[in-house]
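> This is data-v8.txt (compact mmCIF, C-alpha atoms).
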# COMPACT_ATOMS: atom_id res chain seq x y z
CA MET J 1 -26.34 13.88 -3.65
CA ILE J 2 -24.25 13.57 -6.83
CA ALA J 3 -21.36 15.52 -5.33
CA THR J 4 -21.38 13.41 -2.16
CA THR J 5 -21.51 10.12 -4.06
CA ALA J 6 -18.72 11.20 -6.41
CA TYR J 7 -16.61 12.33 -3.47
CA LEU J 8 -17.08 9.04 -1.61
CA ILE J 9 -16.19 7.03 -4.71
CA VAL J 10 -13.05 9.03 -5.49
CA TYR J 11 -11.99 9.01 -1.84
CA SER J 12 -12.51 5.23 -1.58
CA ILE J 13 -10.48 4.64 -4.75
CA ALA J 14 -7.66 6.85 -3.47
CA LEU J 15 -7.64 5.18 -0.05
CA LEU J 16 -7.47 1.68 -1.53
CA THR J 17 -4.70 2.74 -3.89
CA LEU J 18 -2.79 4.40 -1.07
CA VAL J 19 -2.75 1.35 1.21
CA SER J 20 -2.23 -1.20 -1.60
CA LEU J 21 0.50 0.26 -3.80
CA GLY J 22 3.46 -0.69 -1.60
CA LEU J 23 2.16 -4.24 -1.27
CA ALA J 24 1.56 -4.38 -5.03
CA VAL J 25 5.20 -3.51 -5.69
CA ILE J 26 6.52 -6.15 -3.28
CA PHE J 27 4.02 -8.91 -4.05
CA GLY J 28 3.26 -8.13 -7.68
CA MET J 29 6.88 -7.68 -8.77
CA MET J 30 8.85 -9.79 -6.30
CA LYS J 31 6.24 -12.48 -5.48
CA VAL J 32 6.93 -11.98 -1.79
CA ILE J 33 3.87 -12.18 0.46
CA ASN J 34 4.64 -9.57 3.09
CA LEU J 35 2.32 -10.10 6.05
CA ALA J 36 4.09 -7.22 7.81
CA HIS J 37 2.79 -4.70 5.25
CA GLY J 38 0.31 -3.29 7.76
CA GLU J 39 3.07 -2.87 10.31
CA PHE J 40 5.20 -1.00 7.76
CA MET J 41 2.27 1.42 7.48
CA MET J 42 2.14 1.60 11.27
CA LEU J 43 5.85 2.47 11.44
CA GLY J 44 5.27 5.22 8.89
CA ALA J 45 2.48 6.62 11.02
CA TYR J 46 4.64 6.73 14.15
CA ALA J 47 7.59 8.16 12.22
CA CYS J 48 5.28 10.96 11.06
CA VAL J 49 4.18 11.66 14.64
CA VAL J 50 7.78 11.74 15.86
CA CYS J 51 8.81 14.14 13.08
CA VAL J 52 5.90 16.50 13.73
CA ASN J 53 6.55 16.47 17.49
CA ALA J 54 10.17 17.37 16.72
CA GLY J 55 8.96 20.49 14.90
CA ALA J 56 8.98 19.34 11.28
CA PRO J 57 6.20 20.54 8.95
CA LEU J 58 3.70 17.91 7.90
CA TRP J 59 5.00 17.50 4.34
CA LEU J 60 8.54 16.96 5.64
CA ALA J 61 7.20 14.46 8.18
CA PHE J 62 5.61 12.53 5.30
CA ALA J 63 8.93 12.44 3.45
CA GLY J 64 10.80 11.46 6.60
CA ALA J 65 8.36 8.62 7.30
CA ALA J 66 8.71 7.25 3.76
CA LEU J 67 12.51 7.43 3.97
CA ALA J 68 12.68 5.83 7.43
CA VAL J 69 10.40 2.91 6.55
CA GLY J 70 12.14 2.48 3.19
CA LEU J 71 15.49 2.12 4.97
CA PHE J 72 13.91 -0.29 7.43
CA GLY J 73 12.59 -2.30 4.48
CA VAL J 74 16.11 -2.50 3.06
CA ILE J 75 17.36 -3.87 6.39
CA VAL J 76 14.54 -6.43 6.51
CA GLU J 77 15.27 -7.57 2.97
CA ARG J 78 19.00 -7.94 3.63
CA THR J 79 18.62 -9.74 6.96
CA ILE J 80 15.49 -11.86 6.41
CA ILE J 81 13.78 -11.83 3.03
CA ARG J 82 16.80 -12.44 0.77
CA PHE J 83 17.28 -15.89 2.28
CA LEU J 84 13.66 -16.89 1.60
CA TYR J 85 13.04 -16.13 -2.08
CA GLY J 86 11.06 -18.95 -3.66
CA ARG J 87 10.00 -20.32 -0.26
CA ILE J 88 6.48 -18.95 0.13
CA VAL J 89 5.59 -20.67 3.40
CA ASP J 90 8.84 -19.61 5.04
CA THR J 91 8.29 -16.03 3.84
CA LEU J 92 4.78 -16.03 5.27
CA LEU J 93 6.00 -17.24 8.65
CA ALA J 94 8.93 -14.83 8.74
CA THR J 95 6.89 -11.74 7.87
CA TRP J 96 4.10 -12.81 10.24
CA GLY J 97 6.64 -13.11 13.04
CA LEU J 98 8.06 -9.72 12.06
CA SER J 99 4.60 -8.16 12.22
CA LEU J 100 4.02 -9.56 15.73
CA PHE J 101 7.41 -8.28 16.85
CA LEU J 102 6.78 -4.79 15.46
CA VAL J 103 3.37 -4.53 17.14
CA GLY J 104 4.86 -5.58 20.47
CA PHE J 105 7.86 -3.27 20.09
CA VAL J 106 5.79 -0.21 19.20
CA THR J 107 3.31 -0.92 22.00
CA THR J 108 6.18 -1.12 24.48
CA VAL J 109 7.84 2.10 23.27
CA PHE J 110 4.81 4.31 22.56
CA GLY J 111 2.05 2.63 24.56
CA PRO J 112 -1.28 1.23 23.34
CA GLN J 113 -3.06 4.57 23.01
CA ALA J 114 -3.44 6.26 19.63
CA ARG J 115 -1.42 9.36 18.79
CA SER J 116 -2.21 11.97 16.18
CA VAL J 117 -0.92 15.20 14.71
CA PRO J 118 -2.75 18.51 14.49
CA VAL J 119 -3.89 19.60 11.04
CA SER J 120 -5.73 22.78 10.10
CA PHE J 121 -6.82 22.24 6.51
CA GLY J 122 -10.46 23.08 7.25
CA ASN J 123 -13.35 22.15 4.99
CA VAL J 124 -14.41 22.81 1.42
CA THR J 125 -17.97 22.98 0.14
CA PHE J 126 -19.34 21.50 -3.09
CA GLY J 127 -22.98 21.37 -4.02
CA GLY J 128 -24.02 22.57 -0.61
CA THR J 129 -22.11 19.75 1.13
CA SER J 130 -19.02 20.28 3.25
CA PHE J 131 -16.02 17.94 2.88
CA SER J 132 -12.74 17.69 4.75
CA ALA J 133 -10.01 19.50 2.83
CA TYR J 134 -7.44 17.00 4.05
CA SER J 135 -9.24 14.20 2.23
CA PHE J 136 -8.33 15.96 -1.02
CA VAL J 137 -4.71 16.05 0.14
CA LEU J 138 -4.91 12.28 0.60
CA ILE J 139 -6.37 11.90 -2.90
CA GLY J 140 -3.55 14.02 -4.32
CA ILE J 141 -0.87 12.00 -2.51
CA ALA J 142 -2.34 8.72 -3.77
CA ALA J 143 -2.37 10.06 -7.34
CA ALA J 144 1.22 11.31 -6.99
CA MET J 145 2.37 7.90 -5.73
CA VAL J 146 0.81 6.18 -8.74
CA VAL J 147 2.26 8.66 -11.25
CA ALA J 148 5.72 8.51 -9.66
CA THR J 149 5.75 4.71 -9.62
CA TRP J 150 4.57 4.52 -13.22
CA ALA J 151 7.13 7.10 -14.38
CA ILE J 152 10.00 5.32 -12.61
CA ALA J 153 9.02 1.95 -14.06
CA ARG J 154 8.33 3.26 -17.55
CA PHE J 155 10.88 5.99 -18.24
CA THR J 156 13.97 5.39 -16.10
CA THR J 157 16.90 3.03 -16.49
CA ALA J 158 16.35 1.80 -12.94
CA GLY J 159 12.76 0.88 -13.78
CA LEU J 160 13.88 -1.01 -16.88
CA ILE J 161 16.48 -2.92 -14.86
CA VAL J 162 13.93 -3.80 -12.18
CA ARG J 163 11.38 -5.07 -14.69
CA GLY J 164 14.01 -7.07 -16.55
CA THR J 165 15.38 -8.61 -13.35
CA MET J 166 11.94 -9.62 -12.13
CA GLN J 167 11.22 -11.33 -15.46
CA ASP J 168 14.55 -13.23 -15.65
CA ALA J 169 17.16 -12.68 -12.96
CA GLY J 170 19.59 -15.06 -14.67
CA ILE J 171 19.76 -13.10 -17.91
CA ALA J 172 19.91 -9.80 -15.99
CA GLY J 173 22.85 -11.16 -14.01
CA ALA J 174 24.60 -12.26 -17.20
CA LEU J 175 24.28 -8.70 -18.49
CA GLY J 176 26.09 -7.33 -15.43
CA VAL J 177 23.12 -6.50 -13.20
CA ASN J 178 23.31 -7.47 -9.52
CA PRO J 179 19.90 -9.08 -8.86
CA GLY J 180 20.41 -8.91 -5.09
CA LEU J 181 20.72 -5.13 -5.16
CA VAL J 182 17.66 -4.88 -7.43
CA TYR J 183 15.60 -6.98 -5.02
CA MET J 184 16.83 -4.90 -2.11
CA GLY J 185 15.95 -1.62 -3.78
CA THR J 186 12.53 -2.84 -4.93
CA PHE J 187 11.62 -4.10 -1.47
CA GLY J 188 12.83 -0.83 0.05
CA TYR J 189 10.73 1.18 -2.41
CA GLY J 190 7.62 -0.87 -1.63
CA ALA J 191 8.26 -0.39 2.09
CA ALA J 192 8.69 3.37 1.56
CA LEU J 193 5.30 3.52 -0.19
CA ALA J 194 3.75 1.69 2.76
CA GLY J 195 5.40 4.12 5.19
CA LEU J 196 4.11 7.11 3.24
CA ALA J 197 0.62 5.59 3.27
CA GLY J 198 0.72 5.19 7.04
CA ALA J 199 1.97 8.75 7.52
CA THR J 200 -0.79 10.11 5.27
CA LEU J 201 -3.42 8.32 7.34
CA VAL J 202 -2.25 9.76 10.69
CA PRO J 203 -4.40 12.95 10.59
CA ILE J 204 -7.45 10.74 9.88
CA THR J 205 -6.95 7.59 11.95
CA GLY J 206 -4.12 8.48 14.30
CA ALA J 207 -1.08 6.28 14.90
CA SER J 208 -1.72 3.14 16.94
CA PRO J 209 -0.18 -0.34 17.17
CA SER J 210 -3.27 -1.78 15.49
CA LEU J 211 -3.29 0.66 12.56
CA GLY J 212 -2.16 -1.92 10.02
CA LEU J 213 -4.85 -4.41 10.99
CA PHE J 214 -7.55 -2.07 9.68
CA PHE J 215 -6.10 -1.89 6.17
CA VAL J 216 -3.92 -4.93 5.46
CA ALA J 217 -6.84 -7.22 4.52
CA LYS J 218 -8.16 -4.63 2.05
CA ALA J 219 -4.70 -4.22 0.58
CA PHE J 220 -4.24 -7.97 0.05
CA ILE J 221 -7.69 -8.39 -1.51
CA ASN J 222 -7.03 -5.44 -3.79
CA VAL J 223 -3.64 -6.74 -4.96
CA ILE J 224 -4.75 -10.35 -5.43
CA VAL J 225 -7.85 -9.40 -7.40
CA GLY J 226 -5.76 -6.98 -9.46
CA GLY J 227 -3.61 -9.77 -10.84
CA HIS J 228 0.03 -10.08 -11.86
CA LEU J 229 0.51 -6.53 -13.21
CA PRO J 230 1.20 -4.56 -10.01
CA LEU J 231 0.29 -1.02 -11.08
CA THR J 232 -2.41 -1.70 -13.67
CA GLY J 233 -4.01 -4.38 -11.52
CA THR J 234 -3.99 -2.25 -8.39
CA LEU J 235 -5.57 0.69 -10.21
CA ALA J 236 -8.21 -1.54 -11.81
CA ALA J 237 -9.13 -3.24 -8.54
CA SER J 238 -9.07 0.05 -6.61
CA GLY J 239 -11.32 1.67 -9.18
CA LEU J 240 -13.82 -1.19 -9.07
CA PHE J 241 -13.85 -1.71 -5.32
CA GLY J 242 -13.69 2.02 -4.58
CA ALA J 243 -16.71 2.69 -6.77
CA ILE J 244 -18.64 -0.12 -5.11
CA ASP J 245 -17.65 0.86 -1.59
CA GLY J 246 -18.32 4.56 -2.13
CA ALA J 247 -21.74 4.05 -3.73
CA VAL J 248 -22.94 1.38 -1.29
CA SER J 249 -21.64 3.35 1.70
CA TYR J 250 -23.67 6.37 0.60
CA PHE J 251 -26.91 4.55 -0.14
CA TRP J 252 -26.64 1.96 2.62
CA SER J 253 -23.78 2.00 5.17
CA SER J 254 -20.00 1.76 5.39
CA VAL J 255 -20.27 -1.79 6.74
CA GLY J 256 -22.52 -2.70 3.84
CA GLY J 257 -19.95 -1.27 1.45
CA GLU J 258 -17.17 -3.42 2.89
CA VAL J 259 -19.33 -6.55 2.82
CA THR J 260 -20.29 -5.89 -0.78
CA VAL J 261 -16.64 -5.44 -1.75
CA LEU J 262 -15.80 -8.77 -0.12
CA VAL J 263 -18.59 -10.58 -1.95
CA VAL J 264 -17.61 -9.05 -5.29
CA SER J 265 -13.95 -9.98 -4.75
CA VAL J 266 -14.88 -13.61 -4.08
CA VAL J 267 -17.02 -13.71 -7.23
CA LEU J 268 -14.27 -12.09 -9.30
CA LEU J 269 -11.64 -14.56 -8.12
CA ARG J 270 -14.03 -17.37 -8.97
CA LEU J 271 -14.55 -16.03 -12.48
CA LEU J 272 -10.99 -14.69 -12.93
CA PRO J 273 -8.69 -16.91 -10.84
CA PHE J 274 -5.59 -15.04 -12.07
CA GLY J 275 -7.06 -11.63 -11.33
CA ILE J 276 -8.25 -8.77 -13.50
CA THR J 277 -4.95 -8.52 -15.38
CA GLY J 278 -4.37 -12.27 -15.48
CA ARG J 279 -4.77 -12.51 -19.26
CA MET J 280 -2.64 -9.48 -20.06
CA ARG J 281 0.77 -10.39 -21.44
CA ARG J 282 2.58 -7.10 -21.09
CA GLY J 283 2.41 -4.02 -18.89
CA ILE J 284 3.39 -2.72 -15.48
Let's see the structure in the file written out as structure tokens.

Amino acid sequence: MIATTAYLIVYSIALLTLVSLGLAVIFGMMKVINLAHGEFMMLGAYACVVCVNAGAPLWLAFAGAALAVGLFGVIVERTIIRFLYGRIVDTLLATWGLSLFLVGFVTTVFGPQARSVPVSFGNVTFGGTSFSAYSFVLIGIAAAMVVATWAIARFTTAGLIVRGTMQDAGIAGALGVNPGLVYMGTFGYGAALAGLAGATLVPITGASPSLGLFFVAKAFINVIVGGHLPLTGTLAASGLFGAIDGAVSYFWSSVGGEVTVLVVSVVLLRLLPFGITGRMRRGI
């Protein structure tokens, strides 16, 4: 019982972190509401399937999916998003239209049926209960994404430039930084994280045109409740909602867990309108 509950909680936290981190980078740092986030995940899933069908090992397919969706994100930022900074309604409409286009395009090219990739990770047993070994791979990937993002933001020159530009693009520009390139790279990195999330989910959910619809609402709730610090807020919200979802799912049902998370998120936003990290002055 304890092992199962702990597993469900950790898995729920990892899953929420996985699907939210790319959105947290784009929304939390750039203040761009990307309604096509779910479709970026979907593209990552299909890119993974294409790579595996071409003979690539699964880990290389993950990397290829992240790279492909990251490059696609750069194209989207250069052709659409960069003209809409500061215009929230226009950004919402543009990314919503992009999401509809991507769903229609993928459905036309690959068909409406789900596609998957074969995995042979088997099961592991703890406390007399058997768990999917691949779920631990997913947990490890989510943890690696968080550590990599934190390390880039905290210890690299690029991370310092990005944080400085997001705080005051005018001063960054006066110091010789090109804010447009920083925005482009940040959006591309957030898109790459979304693509990697979608690729990681393929062995579990398969790749389908509706893949993003199952996770985009959770990602938005997680990021909004987390507050203005993208990484800290996402981890805090994922930890809270993952613990609630995992525990309620075990003792009640998965639907009950999702309903409970929704209720708690509404209460939290009522009590903390700026999110969990809304009162924090500094951080990532």
> Have a look at J:Gly212, J:Gly170, J:Gly111, J:Gly185 and name the one nearest to J:Arg78; count only C-alpha atoms.
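Closest residue, counting only C-alpha atoms: J:Gly185.
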> Taking into account only C-alpha atoms, which residue in the set J:Thr157, J:Phe136, J:Phe83, J:Thr107 is nearest to J:Tyr7?
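Checking each of J:Thr157, J:Phe136, J:Phe83, J:Thr107 against J:Tyr7, counting only C-alpha atoms, the winner is J:Phe136.
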> One number please: atom CA of J:Tyr46 to atom CA of J:Leu18, in Å, one decimal.
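Atom CA of J:Tyr46 sits 17.1 Å away from atom CA of J:Leu18.
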> Distance atom CA of J:Ala247-atom CA of J:Val263, one decimal place?
15.1 Å
> Let me make sure I understand: among J:Trp150, J:Tyr189, J:Phe62, J:Phe40, which one has the smallest atom-to-atom distance to J:Phe101 if we use only C-alpha atoms?
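Between J:Trp150, J:Tyr189, J:Phe62, J:Phe40, the residue approaching J:Phe101 most closely is J:Phe40.
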> Within 9 Å of (19.8, -8.4, -10.2) (coordinates as in the file), grab all the protein and nucleic acid residues, counting only C-alpha atoms, and write them out as a list in words.
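Every residue inside that radius is included here: Ile161, Val162, Gly164, Thr165, Met166, Asp168, Ala169, Gly170, Ala172, Gly173, Gly176, Val177, Asn178, Pro179, Gly180, Leu181, Val182 and Tyr183 of chain J.
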> Could you check the closest approach to J:Val49 for each of J:Tyr11, J:Phe27, J:Phe121, J:Phe110 and tell me which residue wins, using only C-alpha atoms?
J:Phe110
> Figure out the distance between atom CA of J:His37 and atom CA of J:Thr186, please, to one decimal in Å.
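Atom CA of J:Thr186 sits 14.2 Å away from atom CA of J:His37.
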> Which is closest to J:Ile284 among J:Arg163, J:Arg87, J:Arg82, J:Lys31, if we use all atoms listed in the file?
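Nearest to J:Ile284: J:Arg163.
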> Select all residues near (-11.1, 5.4, -4.7) (cut-off 10 Å, inclusive, file coordinates), counting all atoms listed in the file, and output them as an mmCIF file with C-alpha atoms, in the frame of the given file.

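Done, and the output landed in part-v8.cif:
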data_model
loop_
_atom_site.group_PDB
_atom_site.id
_atom_site.type_symbol
_atom_site.label_atom_id
_atom_site.label_comp_id
_atom_site.auth_asym_id
_atom_site.auth_seq_id
_atom_site.Cartn_x
_atom_site.Cartn_y
_atom_site.Cartn_z
ATOM 1 C CA ALA J 6 -18.720 11.200 -6.410
ATOM 2 C CA TYR J 7 -16.610 12.330 -3.470
ATOM 3 C CA LEU J 8 -17.080 9.040 -1.610
ATOM 4 C CA ILE J 9 -16.190 7.030 -4.710
ATOM 5 C CA VAL J 10 -13.050 9.030 -5.490
ATOM 6 C CA TYR J 11 -11.990 9.010 -1.840
ATOM 7 C CA SER J 12 -12.510 5.230 -1.580
ATOM 8 C CA ILE J 13 -10.480 4.640 -4.750
ATOM 9 C CA ALA J 14 -7.660 6.850 -3.470
ATOM 10 C CA LEU J 15 -7.640 5.180 -0.050
ATOM 11 C CA LEU J 16 -7.470 1.680 -1.530
ATOM 12 C CA THR J 17 -4.700 2.740 -3.890
ATOM 13 C CA LEU J 18 -2.790 4.400 -1.070
ATOM 14 C CA ILE J 139 -6.370 11.900 -2.900
ATOM 15 C CA ALA J 142 -2.340 8.720 -3.770
ATOM 16 C CA LEU J 235 -5.570 0.690 -10.210
ATOM 17 C CA ALA J 237 -9.130 -3.240 -8.540
ATOM 18 C CA SER J 238 -9.070 0.050 -6.610
ATOM 19 C CA GLY J 239 -11.320 1.670 -9.180
ATOM 20 C CA LEU J 240 -13.820 -1.190 -9.070
ATOM 21 C CA PHE J 241 -13.850 -1.710 -5.320
ATOM 22 C CA GLY J 242 -13.690 2.020 -4.580
ATOM 23 C CA ALA J 243 -16.710 2.690 -6.770
ATOM 24 C CA ILE J 244 -18.640 -0.120 -5.110
ATOM 25 C CA ASP J 245 -17.650 0.860 -1.590
ATOM 26 C CA GLY J 246 -18.320 4.560 -2.130
#
> Closest to J:Val223 among J:Pro203, J:Gly275, J:Gly190, J:Gly97, using only C-alpha atoms?
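Result for the nearest residue to J:Val223: J:Gly275.
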> Find the residues around stretch 132-134 of chain J up to 6 Å (all atoms listed in the file counted), leave out those fewer than 4 positions away in its own chain, and share them as an mmCIF file with C-alpha atoms, keeping the file's coordinate frame.

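Once written, selection_36.cif looks like this:
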data_model
loop_
_atom_site.group_PDB
_atom_site.id
_atom_site.type_symbol
_atom_site.label_atom_id
_atom_site.label_comp_id
_atom_site.auth_asym_id
_atom_site.auth_seq_id
_atom_site.Cartn_x
_atom_site.Cartn_y
_atom_site.Cartn_z
ATOM 1 C CA PHE J 121 -6.820 22.240 6.510
ATOM 2 C CA GLY J 122 -10.460 23.080 7.250
ATOM 3 C CA ASN J 123 -13.350 22.150 4.990
ATOM 4 C CA VAL J 124 -14.410 22.810 1.420
#
> Find the residues around J:Gly195 up to 8 Å (all atoms listed in the file counted), leave out those fewer than 5 positions away in its own chain, and share them as a ChimeraX atom specification.
/J:40-45,65-70
> Padding 6 Å on every side, please: axis-aligned box over the listed atoms of stretch 236-246 of chain J, centre and edge lengths to one decimal in Å, as JSON.

{"center_x": -13.4, "center_y": 0.7, "center_z": -6.7, "size_x": 22.4, "size_y": 19.8, "size_z": 22.2}
